[in-house]
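input.cif, holding mmCIF, C-alpha atoms and all ligand atoms:
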```cif
data_model
#
loop_
_atom_site.label_atom_id
_atom_site.label_comp_id
_atom_site.auth_asym_id
_atom_site.auth_seq_id
_atom_site.Cartn_x
_atom_site.Cartn_y
_atom_site.Cartn_z
CA MET A 796 -23.12 -11.85 27.11
CA ARG A 797 -21.37 -14.32 24.80
CA LEU A 798 -19.86 -12.65 21.74
CA VAL A 799 -17.81 -13.60 18.72
CA LEU A 800 -15.90 -10.93 16.74
CA LEU A 801 -15.53 -11.32 12.99
CA GLY A 802 -13.63 -9.27 10.44
CA PRO A 803 -10.30 -9.27 8.63
CA PRO A 804 -6.93 -8.81 10.32
CA GLY A 805 -6.71 -5.11 11.20
CA ALA A 806 -10.47 -4.65 11.60
CA GLY A 807 -9.92 -3.80 15.26
CA LYS A 808 -11.18 -6.99 16.94
CA GLY A 809 -8.41 -6.96 19.55
CA SER A 810 -8.68 -3.23 20.31
CA PHE A 811 -12.46 -3.49 20.66
CA ALA A 812 -12.26 -6.54 22.94
CA GLN A 813 -9.63 -4.83 25.10
CA ALA A 814 -11.91 -1.79 25.39
CA VAL A 815 -15.05 -3.68 26.49
CA ARG A 816 -13.78 -6.61 28.56
CA ASP A 817 -13.73 -4.68 31.88
CA ARG A 818 -16.66 -2.41 31.06
CA TRP A 819 -18.94 -5.34 30.16
CA ALA A 820 -17.31 -7.79 32.62
CA LEU A 821 -16.39 -10.29 29.91
CA ALA A 822 -13.51 -12.74 29.65
CA HIS A 823 -11.42 -11.79 26.61
CA ILE A 824 -10.30 -14.91 24.79
CA ALA A 825 -7.97 -14.17 21.87
CA SER A 826 -6.87 -17.22 19.91
CA GLY A 827 -3.88 -15.36 18.39
CA ASP A 828 -2.64 -14.29 21.86
CA LEU A 829 -3.00 -17.84 23.22
CA LEU A 830 -1.11 -19.23 20.23
CA ARG A 831 1.65 -16.61 20.50
CA GLU A 832 2.06 -17.50 24.21
CA ALA A 833 2.41 -21.16 23.25
CA VAL A 834 4.97 -20.27 20.56
CA LYS A 835 7.01 -18.22 23.07
CA ALA A 836 6.88 -21.01 25.65
CA LYS A 837 7.89 -23.51 22.93
CA THR A 838 5.21 -26.00 24.00
CA PRO A 839 4.51 -28.82 21.49
CA LEU A 840 1.39 -26.91 20.37
CA GLY A 841 3.43 -23.71 19.99
CA VAL A 842 6.14 -25.38 17.91
CA GLU A 843 3.50 -26.85 15.60
CA ALA A 844 1.46 -23.62 15.39
CA ASP A 845 4.52 -21.47 14.62
CA ARG A 846 4.99 -23.23 11.27
CA TYR A 847 1.61 -21.90 10.12
CA MET A 848 1.58 -18.52 11.87
CA ALA A 849 4.92 -17.39 10.47
CA ARG A 850 3.52 -17.86 6.95
CA GLY A 851 0.18 -16.22 7.69
CA GLU A 852 -1.68 -19.53 7.34
CA LEU A 853 -4.37 -20.76 9.69
CA VAL A 854 -3.33 -23.21 12.39
CA PRO A 855 -5.19 -26.53 11.92
CA ASP A 856 -8.74 -26.53 13.29
CA ALA A 857 -8.20 -29.39 15.74
CA LEU A 858 -5.36 -27.59 17.55
CA VAL A 859 -7.08 -24.20 17.88
CA THR A 860 -10.47 -25.65 18.71
CA ALA A 861 -9.05 -27.72 21.58
CA LEU A 862 -7.30 -24.64 22.97
CA ILE A 863 -10.44 -22.46 22.86
CA ARG A 864 -12.77 -25.18 24.12
CA GLU A 865 -10.56 -25.62 27.16
CA ARG A 866 -10.57 -21.86 27.84
CA VAL A 867 -14.34 -21.53 27.50
CA ALA A 868 -14.95 -24.60 29.67
CA GLY A 869 -12.66 -23.13 32.36
CA LEU A 870 -14.79 -19.98 32.79
CA ASP A 871 -16.90 -19.62 35.91
CA ALA A 872 -20.52 -20.61 35.30
CA GLY A 873 -22.48 -17.77 33.75
CA ARG A 874 -19.37 -15.70 32.92
CA GLY A 875 -19.72 -14.00 29.54
CA PHE A 876 -16.93 -13.80 27.02
CA VAL A 877 -15.74 -12.06 23.90
CA LEU A 878 -13.98 -14.36 21.45
CA ASP A 879 -11.40 -12.54 19.34
CA GLY A 880 -9.97 -14.37 16.32
CA PHE A 881 -12.00 -17.54 16.81
CA PRO A 882 -13.80 -19.05 14.95
CA ARG A 883 -11.98 -18.55 11.66
CA THR A 884 -13.42 -21.51 9.71
CA GLU A 885 -16.84 -23.08 9.49
CA ALA A 886 -15.51 -26.23 11.21
CA GLN A 887 -14.46 -24.07 14.17
CA ALA A 888 -17.86 -22.36 14.29
CA VAL A 889 -19.64 -25.73 14.32
CA ALA A 890 -17.34 -26.99 17.10
CA LEU A 891 -18.00 -23.84 19.14
CA ASP A 892 -21.77 -24.18 18.72
CA ALA A 893 -21.58 -27.80 19.88
CA ALA A 894 -19.49 -26.90 22.94
CA LEU A 895 -21.83 -24.04 23.92
CA ALA A 896 -24.95 -26.13 23.34
CA GLY A 897 -23.47 -28.75 25.69
CA ALA A 898 -23.09 -26.04 28.34
CA LYS A 899 -26.59 -24.67 27.59
CA ALA A 900 -24.98 -21.26 27.02
CA PRO A 901 -25.42 -20.38 23.35
CA LEU A 902 -23.82 -17.46 21.59
CA ASP A 903 -25.69 -14.13 21.80
CA ARG A 904 -24.09 -12.28 18.87
CA ALA A 905 -21.45 -12.41 16.17
CA VAL A 906 -20.25 -8.86 15.47
CA TYR A 907 -18.84 -8.17 12.02
CA LEU A 908 -16.38 -5.27 11.94
CA LYS A 909 -16.71 -4.16 8.34
CA THR A 910 -13.51 -2.29 7.43
CA SER A 911 -12.04 -0.59 4.31
CA PRO A 912 -9.05 -2.40 2.77
CA ALA A 913 -6.84 0.73 2.71
CA LEU A 914 -7.44 1.30 6.42
CA ILE A 915 -6.59 -2.32 7.25
CA VAL A 916 -3.15 -2.08 5.69
CA ARG A 917 -2.44 1.23 7.47
CA ARG A 918 -3.53 -0.19 10.83
CA LEU A 919 -1.49 -3.39 10.53
CA ALA A 920 1.61 -1.62 9.23
CA GLY A 921 1.66 0.68 12.31
CA ARG A 922 0.54 -1.86 14.89
CA LEU A 923 2.57 -2.29 18.07
CA VAL A 924 1.81 -5.02 20.59
CA CYS A 925 2.98 -5.35 24.20
CA ALA A 926 5.20 -8.40 24.61
CA GLY A 927 4.01 -8.66 28.23
CA CYS A 928 0.21 -8.33 28.18
CA GLY A 929 -0.76 -8.17 24.49
CA GLN A 930 -2.21 -4.63 24.70
CA ASN A 931 -2.50 -3.06 21.24
CA TYR A 932 -1.06 0.32 20.24
CA HIS A 933 -0.52 2.08 16.94
CA ALA A 934 2.50 4.18 15.96
CA THR A 935 0.31 7.14 14.91
CA ASN A 936 -3.36 6.37 15.77
CA ARG A 937 -2.79 5.21 19.35
CA PRO A 938 0.80 5.88 20.43
CA PRO A 939 1.86 4.79 23.92
CA PRO A 940 2.49 7.64 26.41
CA ARG A 941 6.14 6.49 26.70
CA GLU A 942 7.70 5.39 23.44
CA GLY A 943 8.21 1.64 23.20
CA VAL A 944 6.67 0.96 26.64
CA CYS A 945 3.21 -0.42 27.55
CA ASP A 946 1.41 1.89 30.00
CA ARG A 947 -0.69 -1.02 31.25
CA CYS A 948 2.09 -3.38 32.40
CA GLY A 949 5.40 -1.68 31.57
CA GLY A 950 6.19 -4.35 28.95
CA ARG A 951 8.17 -3.77 25.76
CA LEU A 952 6.23 -2.91 22.60
CA GLU A 953 7.06 -4.84 19.47
CA THR A 954 5.91 -5.30 15.88
CA ARG A 955 4.34 -8.69 15.18
CA ALA A 956 6.39 -10.90 12.86
CA ASP A 957 3.29 -11.54 10.73
CA ASP A 958 2.57 -7.81 10.24
CA ARG A 959 5.17 -7.59 7.43
CA PRO A 960 3.63 -6.35 4.14
CA GLU A 961 4.04 -9.67 2.27
CA THR A 962 2.51 -11.68 5.14
CA ILE A 963 -0.31 -9.13 5.57
CA ALA A 964 -1.36 -9.62 1.93
CA HIS A 965 -1.45 -13.38 2.39
CA ARG A 966 -3.41 -13.17 5.66
CA LEU A 967 -6.03 -11.05 3.90
CA GLU A 968 -6.36 -13.69 1.15
CA VAL A 969 -6.69 -16.43 3.77
CA TYR A 970 -9.38 -14.36 5.50
CA GLU A 971 -11.41 -13.96 2.29
CA ARG A 972 -11.16 -17.65 1.42
CA GLN A 973 -11.58 -19.32 4.81
CA THR A 974 -13.15 -16.88 7.25
CA ALA A 975 -15.43 -14.54 5.28
CA PRO A 976 -17.91 -17.42 4.61
CA LEU A 977 -18.64 -17.40 8.37
CA LEU A 978 -20.62 -14.18 7.90
CA ALA A 979 -23.30 -16.16 6.06
CA TYR A 980 -23.13 -18.90 8.70
CA TYR A 981 -24.01 -16.47 11.50
CA ARG A 982 -26.36 -14.34 9.42
CA SER A 983 -28.48 -17.39 8.60
CA ARG A 984 -28.74 -18.12 12.34
CA GLY A 985 -29.95 -14.57 13.06
CA LEU A 986 -26.87 -13.78 15.18
CA LEU A 987 -24.90 -11.40 12.98
CA ARG A 988 -24.67 -7.70 13.73
CA ASP A 989 -22.80 -5.50 11.27
CA ALA A 990 -20.69 -2.69 12.70
CA ASP A 991 -18.56 0.03 11.11
CA GLY A 992 -14.96 -1.04 11.71
CA ASP A 993 -13.61 2.16 10.13
CA GLN A 994 -14.65 4.30 13.10
CA SER A 995 -12.60 4.84 16.25
CA VAL A 996 -12.73 2.23 19.02
CA GLU A 997 -14.55 4.72 21.24
CA ALA A 998 -17.26 5.31 18.61
CA LEU A 999 -17.58 1.58 17.98
CA VAL A 1000 -18.00 0.83 21.69
CA ALA A 1001 -20.67 3.56 21.96
CA ALA A 1002 -22.57 2.24 18.91
CA LEU A 1003 -22.55 -1.37 20.09
CA THR A 1004 -23.40 -0.44 23.68
CA ALA A 1005 -26.54 1.30 22.40
CA ALA A 1006 -27.41 -1.62 20.09
CA PHE A 1007 -26.94 -4.28 22.78
CA ARG A 1008 -28.97 -2.25 25.29
CA GLN A 1009 -31.78 -2.08 22.81
CA ASP A 1010 -31.55 -5.85 22.30
CA GLY A 1011 -31.66 -6.42 26.08
CA LEU A 1012 -28.13 -7.89 26.15
CA LEU A 1013 -26.67 -5.09 28.29
CA ALA A 1014 -28.19 -3.27 31.27
P1 LIG B 1 -4.50 -12.97 15.22
O1 LIG B 1 -3.72 -12.52 16.41
O2 LIG B 1 -5.93 -13.24 15.53
O3 LIG B 1 -4.31 -12.09 14.03
O4 LIG B 1 -3.89 -14.41 14.80
C1 LIG B 1 -2.53 -14.54 14.42
C2 LIG B 1 -2.31 -15.87 13.72
O5 LIG B 1 -2.63 -16.94 14.63
C3 LIG B 1 -3.19 -16.12 12.51
O6 LIG B 1 -2.66 -15.53 11.33
C4 LIG B 1 -3.19 -17.64 12.45
O7 LIG B 1 -1.97 -18.13 11.95
C5 LIG B 1 -3.27 -18.01 13.93
N1 LIG B 1 -4.67 -18.10 14.41
C6 LIG B 1 -5.29 -17.30 15.31
N2 LIG B 1 -6.55 -17.68 15.52
C7 LIG B 1 -6.75 -18.76 14.71
C8 LIG B 1 -7.87 -19.60 14.45
N3 LIG B 1 -9.04 -19.40 15.04
N4 LIG B 1 -7.70 -20.61 13.55
C9 LIG B 1 -6.52 -20.83 12.95
N5 LIG B 1 -5.42 -20.06 13.14
C10 LIG B 1 -5.54 -19.04 14.01
#
```
Once you've parsed the file, please lay out its structure as structure tokens.
Ligand code: AMP
Amino acid sequence: MRLVLLGPPGAGKGSFAQAVRDRWALAHIASGDLLREAVKAKTPLGVEADRYMARGELVPDALVTALIRERVAGLDAGRGFVLDGFPRTEAQAVALDAALAGAKAPLDRAVYLKTSPALIVRRLAGRLVCAGCGQNYHATNRPPPREGVCDRCGGRLETRADDRPETIAHRLEVYERQTAPLLAYYRSRGLLRDADGDQSVEALVAALTAAFRQDGLLA
């Protein structure tokens, strides 16, 4: 299955993708994680991307699209994926469609995690991310068994620099202006499935498992 996840920052795209990647045998490709790795490694792409990410702006389409195209092209033939955080503009969606059409492996669904604004702010303000493997936690909703430590890889948990209140507000504006129009793009192609992003990850996984089974996308 080839999936795209849509929804504002804090909708739970990363937590959902982390919950289904093994269960549904999908490659999890998170544009934000790939960019943060590049920033940490101080590659030319990372240095350039950091200027935008620190301000909560989108990284230019050409840079992100090249990164994702390379990842998707590197997957074993027939391997499904869940794209988390990409596409975020219509230009990126068009580029993705072109790349997948070239590989004769079109997208199966775009899932929209519809989420209440108050919940988004609460989720982002408490978010903790593993510096080693990118696993998501939350200070109150999903605390790690050992404080400050990832139970998946033992890495250190940290708060993302762009999860500060002033940057959060700007990222939400950027989402409304540049990314929300993608809902119409996928809806008009018959690919959009709405999901309730306010529910727990477990409930969301159960709801989408049932929906995808019914659609013949999951066994
Ligand atoms: P995320 O981890 O998905 O919240 O992304 C963190 C930041 O990385 C965003 O605020 C953007 O600055 C950048 N970013 C991630 N994905 C994209 C994308 N598809 N297009 C442009 N910028 C992106």
Determine, counting only C-alpha atoms, which protein, DNA and RNA residues have an atom within 9 Å of an atom of Asp856 (chain A); residues of the same chain fewer than 2 positions away are not included. Present the result as a list in words. Leu853, Val854, Leu858, Val859, Thr860, Ala861, Arg883, Thr884, Ala886 and Gln887 of chain A
So what do you get for CA of Val996 (chain A) versus CA of Trp819 (chain A), distance-wise?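 So the answer is 14.8 Å.
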Got a sec: who's within 10 Å of Ser810 (chain A), counting all atoms listed in the file, leaving out chain neighbours fewer than 3 positions off, as an MDAnalysis selection string? chainID A and resid 805:807 813:815 879 930:932 995:997
To one decimal place, how far is CA of Arg904 (chain A) from atom O4 of ligand LIG 1 (chain B) in Å?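 Atom O4 of ligand LIG 1 (chain B) lies at a distance of 20.7 Å from CA of Arg904 (chain A).
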CA of Pro912 (chain A) to CA of Arg831 (chain A), distance in Å rounded to a single decimal: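 Going from CA of Pro912 (chain A) over to CA of Arg831 (chain A), I get 25.1 Å.
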Within 10 Å of ligand LIG 1 (chain B) (counting all atoms listed in the file), which residues show up? I'd like them as a PDB file with C-alpha atoms, keeping the file's coordinate frame.
```
ATOM      1  CA  PRO A 803     -10.300  -9.270   8.630  1.00  0.00           C
ATOM      2  CA  PRO A 804      -6.930  -8.810  10.320  1.00  0.00           C
ATOM      3  CA  GLY A 805      -6.710  -5.110  11.200  1.00  0.00           C
ATOM      4  CA  ALA A 806     -10.470  -4.650  11.600  1.00  0.00           C
ATOM      5  CA  LYS A 808     -11.180  -6.990  16.940  1.00  0.00           C
ATOM      6  CA  GLY A 809      -8.410  -6.960  19.550  1.00  0.00           C
ATOM      7  CA  ALA A 825      -7.970 -14.170  21.870  1.00  0.00           C
ATOM      8  CA  SER A 826      -6.870 -17.220  19.910  1.00  0.00           C
ATOM      9  CA  GLY A 827      -3.880 -15.360  18.390  1.00  0.00           C
ATOM     10  CA  ASP A 828      -2.640 -14.290  21.860  1.00  0.00           C
ATOM     11  CA  LEU A 829      -3.000 -17.840  23.220  1.00  0.00           C
ATOM     12  CA  LEU A 830      -1.110 -19.230  20.230  1.00  0.00           C
ATOM     13  CA  ARG A 831       1.650 -16.610  20.500  1.00  0.00           C
ATOM     14  CA  ALA A 844       1.460 -23.620  15.390  1.00  0.00           C
ATOM     15  CA  ASP A 845       4.520 -21.470  14.620  1.00  0.00           C
ATOM     16  CA  ARG A 846       4.990 -23.230  11.270  1.00  0.00           C
ATOM     17  CA  TYR A 847       1.610 -21.900  10.120  1.00  0.00           C
ATOM     18  CA  MET A 848       1.580 -18.520  11.870  1.00  0.00           C
ATOM     19  CA  ALA A 849       4.920 -17.390  10.470  1.00  0.00           C
ATOM     20  CA  ARG A 850       3.520 -17.860   6.950  1.00  0.00           C
ATOM     21  CA  GLY A 851       0.180 -16.220   7.690  1.00  0.00           C
ATOM     22  CA  GLU A 852      -1.680 -19.530   7.340  1.00  0.00           C
ATOM     23  CA  LEU A 853      -4.370 -20.760   9.690  1.00  0.00           C
ATOM     24  CA  VAL A 854      -3.330 -23.210  12.390  1.00  0.00           C
ATOM     25  CA  PRO A 855      -5.190 -26.530  11.920  1.00  0.00           C
ATOM     26  CA  ASP A 856      -8.740 -26.530  13.290  1.00  0.00           C
ATOM     27  CA  ALA A 857      -8.200 -29.390  15.740  1.00  0.00           C
ATOM     28  CA  LEU A 858      -5.360 -27.590  17.550  1.00  0.00           C
ATOM     29  CA  VAL A 859      -7.080 -24.200  17.880  1.00  0.00           C
ATOM     30  CA  THR A 860     -10.470 -25.650  18.710  1.00  0.00           C
ATOM     31  CA  LEU A 862      -7.300 -24.640  22.970  1.00  0.00           C
ATOM     32  CA  ILE A 863     -10.440 -22.460  22.860  1.00  0.00           C
ATOM     33  CA  LEU A 878     -13.980 -14.360  21.450  1.00  0.00           C
ATOM     34  CA  ASP A 879     -11.400 -12.540  19.340  1.00  0.00           C
ATOM     35  CA  GLY A 880      -9.970 -14.370  16.320  1.00  0.00           C
ATOM     36  CA  PHE A 881     -12.000 -17.540  16.810  1.00  0.00           C
ATOM     37  CA  PRO A 882     -13.800 -19.050  14.950  1.00  0.00           C
ATOM     38  CA  ARG A 883     -11.980 -18.550  11.660  1.00  0.00           C
ATOM     39  CA  THR A 884     -13.420 -21.510   9.710  1.00  0.00           C
ATOM     40  CA  ALA A 886     -15.510 -26.230  11.210  1.00  0.00           C
ATOM     41  CA  GLN A 887     -14.460 -24.070  14.170  1.00  0.00           C
ATOM     42  CA  ALA A 888     -17.860 -22.360  14.290  1.00  0.00           C
ATOM     43  CA  LEU A 919      -1.490  -3.390  10.530  1.00  0.00           C
ATOM     44  CA  GLY A 929      -0.760  -8.170  24.490  1.00  0.00           C
ATOM     45  CA  ARG A 955       4.340  -8.690  15.180  1.00  0.00           C
ATOM     46  CA  ALA A 956       6.390 -10.900  12.860  1.00  0.00           C
ATOM     47  CA  ASP A 957       3.290 -11.540  10.730  1.00  0.00           C
ATOM     48  CA  ASP A 958       2.570  -7.810  10.240  1.00  0.00           C
ATOM     49  CA  THR A 962       2.510 -11.680   5.140  1.00  0.00           C
ATOM     50  CA  ILE A 963      -0.310  -9.130   5.570  1.00  0.00           C
ATOM     51  CA  HIS A 965      -1.450 -13.380   2.390  1.00  0.00           C
ATOM     52  CA  ARG A 966      -3.410 -13.170   5.660  1.00  0.00           C
ATOM     53  CA  LEU A 967      -6.030 -11.050   3.900  1.00  0.00           C
ATOM     54  CA  VAL A 969      -6.690 -16.430   3.770  1.00  0.00           C
ATOM     55  CA  TYR A 970      -9.380 -14.360   5.500  1.00  0.00           C
ATOM     56  CA  GLN A 973     -11.580 -19.320   4.810  1.00  0.00           C
ATOM     57  CA  THR A 974     -13.150 -16.880   7.250  1.00  0.00           C
TER      58      THR A 974
END
```
Find the residues around Thr935 (chain A) up to 12 Å (all atoms listed in the file counted), leave out those fewer than 3 positions away in its own chain, and share them as a VMD selection string. chain A and resid 917 to 923 932 938 to 940 942
Please dump the current selection as a PDB file, in the coordinates of the input; keep C-alpha atoms.
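So again20.pdb came out as:
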```
ATOM      1  CA  ARG A 917      -2.440   1.230   7.470  1.00  0.00           C
ATOM      2  CA  ARG A 918      -3.530  -0.190  10.830  1.00  0.00           C
ATOM      3  CA  LEU A 919      -1.490  -3.390  10.530  1.00  0.00           C
ATOM      4  CA  ALA A 920       1.610  -1.620   9.230  1.00  0.00           C
ATOM      5  CA  GLY A 921       1.660   0.680  12.310  1.00  0.00           C
ATOM      6  CA  ARG A 922       0.540  -1.860  14.890  1.00  0.00           C
ATOM      7  CA  LEU A 923       2.570  -2.290  18.070  1.00  0.00           C
ATOM      8  CA  TYR A 932      -1.060   0.320  20.240  1.00  0.00           C
ATOM      9  CA  PRO A 938       0.800   5.880  20.430  1.00  0.00           C
ATOM     10  CA  PRO A 939       1.860   4.790  23.920  1.00  0.00           C
ATOM     11  CA  PRO A 940       2.490   7.640  26.410  1.00  0.00           C
ATOM     12  CA  GLU A 942       7.700   5.390  23.440  1.00  0.00           C
TER      13      GLU A 942
END
```
So, counting all atoms listed in the file, which residue among A:Leu908, A:Cys928, A:Val877, A:Ala900 is closest to Asp991 (chain A)? A:Leu908
Just checking: using all atoms listed in the file, which residue out of A:Ala890, A:Met796, A:Asp903, A:Gly869 ends up closest to Gly985 (chain A)?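 Closest to Gly985 (chain A) of all the choices is A:Asp903.
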Would you please work out which residue, of A:Ala913, A:Ala975, A:Ala896, A:Ala822, is nearest to Leu798 (chain A) when using all atoms listed in the file?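 Checking each candidate against Leu798 (chain A), we get A:Ala822 as the closest.
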For region 869-884 of chain A, take all atoms listed in the file, fit an axis-aligned box around them, add 3 Å to each of the six sides, then output centre and edge lengths in Å rounded to one decimal, as lines of an AutoDock Vina configuration file.
```
center_x = -16.2
center_y = -17.6
center_z = 22.8
size_x = 18.5
size_y = 17.1
size_z = 32.2
```
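The shortest atom-to-atom distance to Val944 (chain A), with only C-alpha atoms taken into account, belongs to A:Gly927 out of A:Gly927, A:Pro960, A:Asp817, A:Leu1013.
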For Leu977 (chain A), the nearest of the candidates A:Ala1001, A:Val906, A:Ala893, A:Ala1014, counting all atoms listed in the file: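 Going through A:Ala1001, A:Val906, A:Ala893, A:Ala1014 one by one, the smallest distance to Leu977 (chain A) is for A:Val906.
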